[in-house]
file target30.txt (compact mmCIF, C-alpha atoms and all ligand atoms)
# COMPACT_ATOMS: atom_id res chain seq x y z
CA MET G 644 33.62 -26.47 -72.69
CA THR G 645 34.21 -23.32 -70.55
CA LYS G 646 31.04 -21.76 -71.93
CA ASP G 647 29.10 -24.88 -70.87
CA ILE G 648 30.38 -24.49 -67.35
CA ASP G 649 29.58 -20.74 -67.29
CA ILE G 650 25.98 -21.44 -68.26
CA LYS G 651 25.67 -24.22 -65.72
CA ARG G 652 26.97 -21.95 -62.93
CA LEU G 653 24.79 -19.10 -64.05
CA ARG G 654 21.75 -21.36 -64.00
CA GLU G 655 22.45 -22.56 -60.47
CA ASP G 656 23.10 -19.05 -59.23
CA ALA G 657 20.02 -17.56 -60.92
CA LEU G 658 17.55 -20.24 -59.80
CA LYS G 659 18.88 -20.24 -56.23
CA SER G 660 18.67 -16.44 -55.90
CA ILE G 661 15.16 -16.35 -57.41
CA LYS G 662 13.97 -19.00 -54.99
CA ALA G 663 15.33 -17.04 -52.04
CA ALA G 664 13.92 -13.65 -53.11
CA ALA G 665 11.71 -12.13 -50.42
CA ASP G 666 9.74 -9.60 -52.43
CA ALA G 667 8.97 -8.21 -55.88
CA ALA G 668 11.72 -5.60 -55.68
CA SER G 669 14.41 -8.25 -55.14
CA LEU G 670 13.01 -10.22 -58.08
CA GLU G 671 13.31 -7.14 -60.30
CA SER G 672 16.98 -6.68 -59.32
CA LEU G 673 17.61 -10.35 -60.14
CA ARG G 674 15.95 -9.91 -63.54
CA VAL G 675 18.27 -6.97 -64.24
CA LYS G 676 21.26 -8.91 -62.92
CA PHE G 677 20.74 -11.92 -65.21
CA LEU G 678 18.62 -10.68 -68.13
CA GLY G 679 19.26 -6.91 -68.12
CA ARG G 680 19.68 -5.49 -71.64
CA LYS G 681 23.11 -4.00 -71.13
CA GLU G 682 24.80 -5.74 -68.23
CA GLY G 683 22.71 -8.89 -67.73
CA GLU G 684 25.02 -11.86 -67.18
CA LEU G 685 23.12 -14.14 -69.59
CA THR G 686 22.63 -11.27 -72.07
CA LYS G 687 26.41 -10.86 -72.21
CA ILE G 688 26.86 -14.55 -73.06
CA LEU G 689 24.18 -14.35 -75.74
CA ARG G 690 25.76 -11.23 -77.17
CA SER G 691 29.20 -12.90 -77.39
CA LEU G 692 27.81 -15.85 -79.41
CA LYS G 693 28.76 -14.04 -82.61
CA ASP G 694 32.46 -14.47 -81.74
CA PHE G 695 32.12 -18.24 -81.23
CA SER G 696 32.92 -20.94 -83.78
CA ILE G 697 29.96 -22.43 -85.59
CA ALA G 698 30.25 -25.62 -83.57
CA GLU G 699 30.25 -23.64 -80.32
CA LYS G 700 27.37 -21.50 -81.45
CA LYS G 701 25.34 -24.60 -82.16
CA LYS G 702 26.01 -25.99 -78.77
CA ILE G 703 25.90 -22.91 -76.50
CA GLY G 704 23.17 -21.00 -78.37
CA PRO G 705 20.29 -23.37 -77.54
CA LEU G 706 21.55 -23.82 -73.96
CA ALA G 707 21.66 -20.06 -73.36
CA ASN G 708 18.23 -19.51 -74.91
CA ALA G 709 16.73 -22.32 -72.87
CA LEU G 710 18.22 -20.79 -69.71
CA ARG G 711 16.76 -17.41 -70.62
CA GLN G 712 13.30 -18.94 -70.76
CA GLU G 713 13.90 -20.90 -67.63
CA ILE G 714 14.93 -17.74 -65.70
CA GLU G 715 11.97 -15.77 -67.07
CA SER G 716 9.49 -18.42 -66.02
CA ALA G 717 11.20 -18.87 -62.60
CA LEU G 718 10.90 -15.09 -62.07
CA SER G 719 7.23 -15.00 -63.00
CA GLU G 720 6.41 -18.10 -60.90
CA LYS G 721 8.13 -16.62 -57.87
CA LEU G 722 6.34 -13.30 -58.36
CA LYS G 723 3.01 -15.11 -58.46
CA SER G 724 3.72 -17.04 -55.29
CA LEU G 725 4.85 -13.88 -53.47
CA GLN G 726 1.64 -12.10 -54.52
CA ALA G 727 -0.51 -15.02 -53.42
CA ALA G 728 1.19 -15.06 -50.01
CA SER G 729 0.66 -11.35 -49.57
CA HIS G 730 -3.05 -11.65 -50.49
CA LYS G 731 -3.45 -14.42 -47.97
CA LEU G 732 -1.85 -12.25 -45.29
CA GLN G 733 -4.20 -9.40 -46.16
CA ALA G 734 -7.17 -11.73 -46.05
CA ASP G 735 -6.11 -12.89 -42.56
CA ILE G 736 -6.07 -9.32 -41.26
CA ASP G 737 -9.57 -8.06 -40.83
CA LEU G 738 -9.16 -4.32 -40.62
CA THR G 739 -12.81 -3.81 -39.81
CA ARG G 740 -12.64 -5.94 -36.67
CA PRO G 741 -12.97 -3.93 -33.42
CA GLY G 742 -9.68 -3.68 -31.46
CA ARG G 743 -9.02 -5.77 -28.39
CA LYS G 744 -10.25 -3.89 -25.32
CA VAL G 745 -7.55 -2.68 -22.94
CA GLN G 746 -8.37 -3.96 -19.47
CA ARG G 747 -8.73 -1.10 -17.04
CA GLY G 748 -7.66 -1.59 -13.45
CA SER G 749 -9.41 -0.08 -10.46
CA LEU G 750 -8.34 1.13 -7.06
CA HIS G 751 -8.03 -1.43 -4.30
CA PRO G 752 -10.94 -0.99 -1.87
CA LEU G 753 -8.51 -0.07 0.92
CA THR G 754 -7.00 2.66 -1.25
CA SER G 755 -10.42 4.11 -2.10
CA VAL G 756 -11.60 4.07 1.52
CA GLU G 757 -8.37 5.69 2.67
CA LYS G 758 -8.69 8.37 -0.02
CA GLU G 759 -12.26 9.05 1.03
CA ILE G 760 -11.27 9.30 4.71
CA ARG G 761 -8.47 11.74 3.85
CA GLU G 762 -10.88 13.93 1.86
CA ILE G 763 -13.49 14.02 4.63
CA PHE G 764 -10.96 15.00 7.28
CA LYS G 765 -9.33 17.54 4.99
CA SER G 766 -12.74 19.16 4.52
CA LEU G 767 -12.99 19.32 8.34
CA ASN G 768 -9.70 21.24 8.36
CA PHE G 769 -7.45 18.35 9.42
CA SER G 770 -3.96 17.97 7.89
CA VAL G 771 -2.71 14.60 6.67
CA VAL G 772 0.61 13.50 8.19
CA GLU G 773 2.71 10.34 7.88
CA GLY G 774 5.33 8.62 10.03
CA PRO G 775 7.83 5.73 9.80
CA GLU G 776 6.69 2.12 9.69
CA ALA G 777 9.96 0.95 11.27
CA GLU G 778 9.65 2.67 14.62
CA SER G 779 11.70 2.84 17.80
CA ASP G 780 10.67 1.16 21.01
CA TYR G 781 10.54 4.65 22.53
CA TYR G 782 7.92 6.16 20.21
CA ASN G 783 5.83 3.03 19.83
CA PHE G 784 5.62 2.41 23.59
CA ASP G 785 7.51 4.55 26.15
CA ALA G 786 6.45 7.96 24.82
CA LEU G 787 2.86 6.71 24.84
CA ASN G 788 3.02 5.93 28.54
CA ILE G 789 3.70 2.22 28.02
CA PRO G 790 6.96 1.57 29.89
CA LYS G 791 9.06 -1.59 29.43
CA ASP G 792 7.29 -3.71 32.04
CA HIS G 793 3.75 -2.49 31.26
CA PRO G 794 1.24 -5.29 30.63
CA ALA G 795 -0.28 -3.27 27.74
CA ARG G 796 2.82 -4.23 25.72
CA ASP G 797 1.36 -7.74 25.52
CA MET G 798 -1.63 -6.40 23.57
CA TRP G 799 0.75 -5.14 20.93
CA ASP G 800 3.25 -7.88 20.23
CA THR G 801 5.19 -7.07 17.09
CA PHE G 802 8.10 -7.86 14.77
CA TRP G 803 11.48 -6.67 15.98
CA LEU G 804 14.14 -5.58 13.52
CA ARG G 805 17.79 -6.51 13.81
CA GLN G 806 19.88 -3.37 13.38
CA ASN G 807 23.24 -3.68 11.78
CA ASP G 808 24.26 -0.23 10.63
CA GLY G 809 27.96 -0.61 11.39
CA ARG G 810 27.85 1.56 14.55
CA THR G 811 29.28 0.36 17.85
CA LYS G 812 27.07 -0.07 20.90
CA GLU G 813 28.54 3.13 22.40
CA GLN G 814 27.82 5.14 19.23
CA LYS G 815 24.25 3.93 19.19
CA ASN G 816 23.74 4.85 22.85
CA LYS G 817 25.01 8.38 22.19
CA ARG G 818 21.75 9.28 20.46
CA THR G 819 19.18 11.05 22.61
CA LYS G 820 16.23 9.24 24.07
CA ARG G 821 13.87 11.18 21.78
CA GLN G 822 15.72 9.96 18.72
CA GLY G 823 15.03 6.45 19.92
CA GLY G 824 18.62 6.31 21.16
CA GLY G 825 20.13 2.88 21.47
CA GLU G 826 16.72 1.27 21.15
CA ARG G 827 15.83 -1.61 18.96
CA LEU G 828 13.59 -0.91 15.99
CA LEU G 829 10.26 -2.61 15.55
CA LEU G 830 7.47 -2.57 13.00
CA ARG G 831 4.99 -0.13 14.56
CA THR G 832 1.92 -1.74 16.09
CA HIS G 833 -0.24 1.35 15.67
CA THR G 834 -0.13 4.83 14.15
CA SER G 835 -0.17 6.46 17.63
CA PRO G 836 3.66 7.00 17.74
CA VAL G 837 3.18 9.71 15.09
CA GLN G 838 1.22 11.72 17.70
CA VAL G 839 4.43 12.29 19.70
CA ARG G 840 6.63 12.72 16.63
CA TYR G 841 4.29 15.41 15.31
CA MET G 842 3.89 17.21 18.64
CA GLU G 843 7.68 17.39 19.06
CA GLN G 844 7.90 19.38 15.83
CA HIS G 845 4.74 21.53 15.95
CA LYS G 846 3.02 24.02 18.19
CA PRO G 847 -0.72 23.72 18.93
CA PRO G 848 -3.43 24.37 17.98
CA PHE G 849 -3.58 21.76 15.21
CA GLN G 850 -5.63 18.84 14.03
CA ILE G 851 -4.12 15.98 12.05
CA ILE G 852 -4.88 12.53 10.78
CA VAL G 853 -2.22 9.87 10.20
CA PRO G 854 -3.11 7.08 7.79
CA GLY G 855 -0.59 4.25 7.61
CA ARG G 856 0.41 0.60 7.67
CA VAL G 857 0.83 -1.16 10.98
CA PHE G 858 1.93 -4.65 12.04
CA ARG G 859 1.16 -7.12 14.78
CA TYR G 860 2.56 -10.48 15.66
CA GLU G 861 -0.68 -12.38 16.08
CA ALA G 862 -2.68 -15.22 14.58
CA THR G 863 -4.71 -14.29 11.51
CA ASP G 864 -8.44 -14.95 11.27
CA ALA G 865 -11.45 -13.40 9.53
CA SER G 866 -10.97 -10.10 11.38
CA HIS G 867 -7.24 -10.07 12.22
CA GLU G 868 -4.20 -9.70 10.00
CA THR G 869 -0.51 -9.34 10.88
CA ASN G 870 -0.32 -6.41 8.48
CA PHE G 871 -3.16 -3.89 8.36
CA HIS G 872 -3.86 -0.15 8.29
CA GLN G 873 -4.97 2.43 10.78
CA VAL G 874 -5.96 6.07 10.67
CA GLU G 875 -4.89 8.03 13.71
CA GLY G 876 -6.44 11.38 14.62
CA LEU G 877 -5.16 14.07 16.97
CA MET G 878 -6.53 17.50 17.84
CA VAL G 879 -4.69 19.66 20.37
CA GLY G 880 -5.52 23.17 21.56
CA LYS G 881 -6.32 25.19 24.64
CA ASP G 882 -9.78 23.72 24.99
CA ALA G 883 -10.17 20.86 22.46
CA ASN G 884 -12.61 18.60 24.30
CA LEU G 885 -14.77 15.49 24.09
CA ALA G 886 -17.75 17.46 22.79
CA ASN G 887 -15.56 18.52 19.83
CA PHE G 888 -14.50 14.91 19.41
CA LYS G 889 -18.11 13.70 19.33
CA PHE G 890 -19.03 16.27 16.71
CA VAL G 891 -16.01 15.54 14.46
CA ILE G 892 -16.41 11.78 14.65
CA ARG G 893 -20.15 11.73 14.08
CA GLU G 894 -19.76 14.11 11.14
CA PHE G 895 -16.97 11.91 9.75
CA PHE G 896 -18.96 8.67 9.92
CA GLN G 897 -22.11 10.28 8.52
CA ARG G 898 -20.16 11.55 5.52
CA LEU G 899 -18.36 8.23 5.06
CA PHE G 900 -21.51 6.12 5.17
CA LYS G 901 -23.67 8.84 3.59
CA ARG G 902 -26.47 8.66 6.17
CA LYS G 903 -27.54 10.01 9.56
CA LEU G 904 -25.95 7.92 12.33
CA SER G 905 -25.86 7.83 16.11
CA ILE G 906 -22.57 7.22 17.85
CA ARG G 907 -21.96 5.72 21.28
CA LEU G 908 -18.96 6.30 23.54
CA ARG G 909 -18.05 3.57 26.05
CA PRO G 910 -15.33 3.77 28.70
CA SER G 911 -12.21 1.83 27.76
CA TYR G 912 -8.51 1.73 28.52
CA PHE G 913 -5.49 2.81 26.53
CA PRO G 914 -2.38 3.93 28.46
CA PHE G 915 -2.00 7.05 26.32
CA VAL G 916 -5.43 8.59 27.03
CA GLU G 917 -7.36 9.59 30.11
CA PRO G 918 -10.28 9.01 29.96
CA GLY G 919 -10.14 6.27 27.31
CA LEU G 920 -13.06 5.43 25.05
CA GLU G 921 -14.33 2.88 22.63
CA VAL G 922 -16.50 4.35 19.86
CA ASP G 923 -19.46 2.50 18.36
CA ILE G 924 -21.63 3.61 15.45
CA GLN G 925 -25.21 2.64 14.84
CA CYS G 926 -25.19 -0.43 12.58
CA VAL G 927 -25.07 0.77 8.96
CA LYS G 928 -26.88 -2.32 7.69
CA CYS G 929 -29.88 -2.65 10.02
CA GLY G 930 -29.97 0.90 11.39
CA GLY G 931 -29.77 -0.45 14.94
CA ASN G 932 -32.49 -3.13 14.85
CA GLY G 933 -30.02 -6.02 15.00
CA CYS G 934 -28.59 -8.12 12.18
CA ASN G 935 -25.76 -10.55 11.42
CA ILE G 936 -23.24 -7.70 10.85
CA CYS G 937 -23.75 -6.15 14.30
CA LYS G 938 -24.35 -9.53 15.93
CA ASN G 939 -27.84 -8.34 16.87
CA SER G 940 -26.48 -5.57 19.08
CA GLY G 941 -27.42 -2.71 16.74
CA TRP G 942 -23.91 -1.23 17.18
CA LEU G 943 -20.55 -1.58 15.42
CA GLU G 944 -17.31 -1.08 17.30
CA VAL G 945 -15.16 1.19 15.13
CA MET G 946 -12.35 2.90 17.06
CA GLY G 947 -10.37 3.55 20.20
CA ALA G 948 -10.09 7.12 21.45
CA GLY G 949 -9.74 9.42 24.43
CA MET G 950 -8.31 12.63 25.85
CA VAL G 951 -4.52 12.73 25.40
CA HIS G 952 -2.77 11.63 28.61
CA PRO G 953 -0.67 14.35 30.35
CA ARG G 954 2.39 12.04 30.23
CA VAL G 955 2.14 11.93 26.41
CA PHE G 956 2.14 15.74 26.31
CA GLU G 957 5.18 15.73 28.60
CA ALA G 958 7.00 13.21 26.38
CA ALA G 959 6.42 15.59 23.46
CA GLY G 960 7.83 18.52 25.44
CA TYR G 961 4.48 20.25 26.11
CA ASN G 962 3.20 21.51 29.46
CA PRO G 963 0.00 19.50 30.03
CA ARG G 964 -1.41 22.31 32.20
CA ASP G 965 -1.55 24.61 29.15
CA LEU G 966 -3.20 22.24 26.69
CA GLN G 967 -5.65 19.50 26.08
CA GLY G 968 -6.71 17.39 23.15
CA PHE G 969 -8.34 14.25 21.90
CA ALA G 970 -6.96 11.37 19.87
CA PHE G 971 -8.45 8.38 18.11
CA GLY G 972 -7.38 5.39 16.04
CA LEU G 973 -9.47 3.33 13.65
CA GLY G 974 -8.73 0.18 11.69
CA LEU G 975 -9.03 0.90 7.95
CA GLU G 976 -9.79 -2.72 7.02
CA ARG G 977 -12.61 -2.83 9.56
CA ILE G 978 -14.20 0.30 8.09
CA ALA G 979 -13.83 -1.03 4.51
CA MET G 980 -15.37 -4.35 5.61
CA ILE G 981 -18.40 -2.54 7.02
CA LYS G 982 -18.70 -0.21 4.02
CA TYR G 983 -18.52 -2.96 1.39
CA ASN G 984 -19.93 -5.82 3.44
CA ILE G 985 -16.71 -7.88 3.18
CA PRO G 986 -16.83 -10.95 5.43
CA ASP G 987 -13.11 -11.77 5.75
CA ILE G 988 -10.14 -9.39 6.18
CA ARG G 989 -7.82 -11.86 4.40
CA LEU G 990 -9.58 -11.15 1.09
CA PHE G 991 -7.89 -7.73 0.97
CA TYR G 992 -4.46 -9.32 0.69
CA SER G 993 -5.37 -12.45 -1.27
CA GLY G 994 -4.43 -10.93 -4.66
CA ASP G 995 -7.55 -12.63 -6.03
CA LEU G 996 -8.73 -10.64 -9.08
CA ARG G 997 -12.29 -11.91 -8.67
CA PHE G 998 -12.34 -9.98 -5.39
CA ILE G 999 -10.50 -6.87 -6.57
CA LYS G 1000 -12.57 -6.49 -9.75
CA GLN G 1001 -15.76 -5.93 -7.76
CA PHE G 1002 -14.64 -2.45 -6.73
C1 LIG N 1101 -6.70 4.61 20.95
C2 LIG N 1101 -6.71 5.81 21.64
C3 LIG N 1101 -6.11 6.92 21.06
O1 LIG N 1101 -6.08 8.11 21.75
C4 LIG N 1101 -5.53 6.85 19.81
C5 LIG N 1101 -5.52 5.64 19.12
C6 LIG N 1101 -6.09 4.53 19.69
C7 LIG N 1101 -6.02 3.23 19.00
C8 LIG N 1101 -4.83 2.40 19.47
N1 LIG N 1101 -3.58 2.95 19.02
C9 LIG N 1101 -4.97 1.00 18.92
O2 LIG N 1101 -4.16 0.55 18.12
N2 LIG N 1101 -6.04 0.36 19.36
S1 LIG N 1101 -6.44 -1.14 18.88
O3 LIG N 1101 -5.41 -2.06 19.21
O4 LIG N 1101 -7.73 -1.44 19.44
O5 LIG N 1101 -6.55 -1.07 17.32
C10 LIG N 1101 -7.38 -0.10 16.70
C11 LIG N 1101 -8.14 -0.73 15.57
O6 LIG N 1101 -7.25 -1.41 14.71
C12 LIG N 1101 -9.11 -1.80 16.03
O7 LIG N 1101 -10.34 -1.21 16.39
C13 LIG N 1101 -9.25 -2.68 14.81
O8 LIG N 1101 -10.20 -2.13 13.91
C14 LIG N 1101 -7.90 -2.55 14.17
N3 LIG N 1101 -7.09 -3.76 14.45
C15 LIG N 1101 -6.45 -4.09 15.57
N4 LIG N 1101 -5.79 -5.26 15.42
C16 LIG N 1101 -6.02 -5.67 14.16
C17 LIG N 1101 -6.85 -4.71 13.54
N5 LIG N 1101 -7.26 -4.83 12.26
C18 LIG N 1101 -6.83 -5.91 11.59
N6 LIG N 1101 -6.04 -6.88 12.11
C19 LIG N 1101 -5.60 -6.79 13.37
N7 LIG N 1101 -4.78 -7.71 13.83
call {"tool": "encode", "arguments": {"input": "target30.txt", "output": "structure tokens", "more": "lines below"}}
Ligand code: YSA
result
Amino acid sequence: MTKDIDIKRLREDALKSIKAAADAASLESLRVKFLGRKEGELTKILRSLKDFSIAEKKKIGPLANALRQEIESALSEKLKSLQAASHKLQADIDLTRPGRKVQRGSLHPLTSVEKEIREIFKSLNFSVVEGPEAESDYYNFDALNIPKDHPARDMWDTFWLRQNDGRTKEQKNKRTKRQGGGERLLLRTHTSPVQVRYMEQHKPPFQIIVPGRVFRYEATDASHETNFHQVEGLMVGKDANLANFKFVIREFFQRLFKRKLSIRLRPSYFPFVEPGLEVDIQCVKCGGNGCNICKNSGWLEVMGAGMVHPRVFEAAGYNPRDLQGFAFGLGLERIAMIKYNIPDIRLFYSGDLRFIKQF
């Protein structure tokens, strides 16, 4: 009776384990476990048959032999099914198939244009300088000859930042005027504040450009964004003059657009220059004959500029009688739009891959 039960248990255990085996190696260990010559569990039962009574032998013998066959065939069936599954897997993997192509990104057009601008100015011996995007009222306006009540502030409406750095009003007001003492912070409306910041720290002669992000609180349309980029330029020395400016700027645009170009200077007004100028370049599409890009004028308006105002030199701690210099500021998006014939500034920030992938 006990031997019956042992065989029954053994059968259940063996068939269950064989069914669950995951690979050929596990099947081999199961074969050794149940049918192994020396220690196999069923082998041991078969070997002990000689000690049984004749009646027991007659009963257990056939059961044990039948189980042996059953385990052997279960092992071989399972092995076959594992092999078939592995062949199927191999057939599904086509090792000769070419790999999936890794998609390569590309630089955003604004990044490439900015890089190109940096390289051109560097080759003209300009240094590249940066300044803070969160700027003080003082540097963004006052130091550039735009006092609190000046109407020019209306042209540059911006986003004001709430400051909560734990300092009391008195502590904030202790800072010097130059540090932007006690003033509210704003998101800079142009890169021009870096002119004064740089001049405070450096002695002329020098020539720099300042690429950077700027912000304006205004309605967006095809040519205006609230967040865009400018490149500021500043050259200061004993006799840096408008003739130098004309040469540098013409050279710059010719290299950027890779062609001979005329430039045109028109009088304009910015509080931080005297005289102030607006710079136009000959239309890069029609060469000046008139087309849809230049609105049939033959010219493209590309930057504001002028000779640095004496009050700006004074704000930076210079004596305006000893020095002179020119400054300019261009809109990066506008230049990229002309270069790549992009009709709407909003495309730059749309995140639309169909747009980005064209560059
Ligand atoms: C003028 C004289 C200097 O000595 C130095 C710099 C300057 C430029 C001055 N700081 C300035 O910001 N002038 S600006 O308001 O006319 O802007 C310069 C350029 O920025 C524009 O020509 C235009 O290309 C771009 N711009 C202005 N508002 C914009 C914009 N681009 C996109 N979206 C806007 N909302």
call {"tool": "residues_around", "arguments": {"input": "target30.txt", "residues": "stretch 934-939 of chain G", "least_positions_apart": "4", "cutoff": "12 Å", "atoms": "only C-alpha atoms", "output": "number ranges by chain"}}
result
G: 923-930, 943-945, 977, 980-986
call {"tool": "axis_aligned_box", "arguments": {"input": "target30.txt", "around": "ligand LIG 1101 (chain N)", "padding_each_side": "6 Å", "output": "lines of an AutoDock Vina configuration file"}}
result
center_x = -7.0
center_y = 0.2
center_z = 16.7
size_x = 18.8
size_y = 27.8
size_z = 22.2
call {"tool": "residues_near_ligand", "arguments": {"input": "target30.txt", "ligand": "ligand LIG 1101 (chain N)", "cutoff": "6 Å", "atoms": "only C-alpha atoms and all ligand atoms", "output": "PyMOL selection string"}}
result
chain G and resi 833+835+866-869+871+873+875+913+916+945-949+970-974+977
call {"tool": "atom_distance", "arguments": {"input": "target30.txt", "atom1": "atom CA of G:Lys687", "atom2": "atom CA of G:Ser719"}}
result
21.7 Å
call {"tool": "closest_residue", "arguments": {"input": "target30.txt", "among": "G:Ala777, G:Arg902, G:Pro790, G:Arg805", "to": "G:Thr832", "atoms": "all atoms listed in the file"}}
result
G:Ala777
call {"tool": "closest_residue", "arguments": {"input": "target30.txt", "among": "G:Phe802, G:Arg711, G:Ile988, G:Asn783", "to": "G:Gly679", "atoms": "only C-alpha atoms"}}
result
G:Arg711
call {"tool": "closest_residue", "arguments": {"input": "target30.txt", "among": "G:Glu778, G:Glu917, G:Asp882, G:Asp987", "to": "G:Gly968", "atoms": "only C-alpha atoms"}}
result
G:Asp882
call {"tool": "residues_around", "arguments": {"input": "target30.txt", "residues": "G:Arg831", "least_positions_apart": "5", "cutoff": "12 Å", "atoms": "all atoms listed in the file", "output": "MDAnalysis selection string"}}
result
chainID G and resid 774:784 799:804 836:837 855:860 869:873
call {"tool": "atom_distance", "arguments": {"input": "target30.txt", "atom1": "atom CA of G:Lys846", "atom2": "atom CA of G:Ala883"}}
result
14.2 Å
call {"tool": "residues_near_point", "arguments": {"input": "target30.txt", "point": "(-14.5, 8.4, 27.5)", "cutoff": "10 Å", "atoms": "only C-alpha atoms", "output": "ChimeraX atom specification"}}
result
/G:885,908-912,916-922,947-950
call {"tool": "closest_atom_pairs", "arguments": {"input": "target30.txt", "of": "stretch 894-992 of chain G", "to": "stretch 759-763 of chain G", "cutoff": "8 Å", "atoms": "all atoms listed in the file", "output": "Markdown table"}}
result
| residue | atom | partner | partner_atom | distance |
| --- | --- | --- | --- | --- |
| G:Phe895 | CA | G:Ile763 | CA | 6.5 |
| G:Arg898 | CA | G:Ile763 | CA | 7.2 |
| G:Leu899 | CA | G:Ile760 | CA | 7.2 |
call {"tool": "closest_residue", "arguments": {"input": "target30.txt", "among": "G:Val955, G:Pro794, G:Leu718, G:Pro847", "to": "G:Val675", "atoms": "all atoms listed in the file"}}
result
G:Leu718
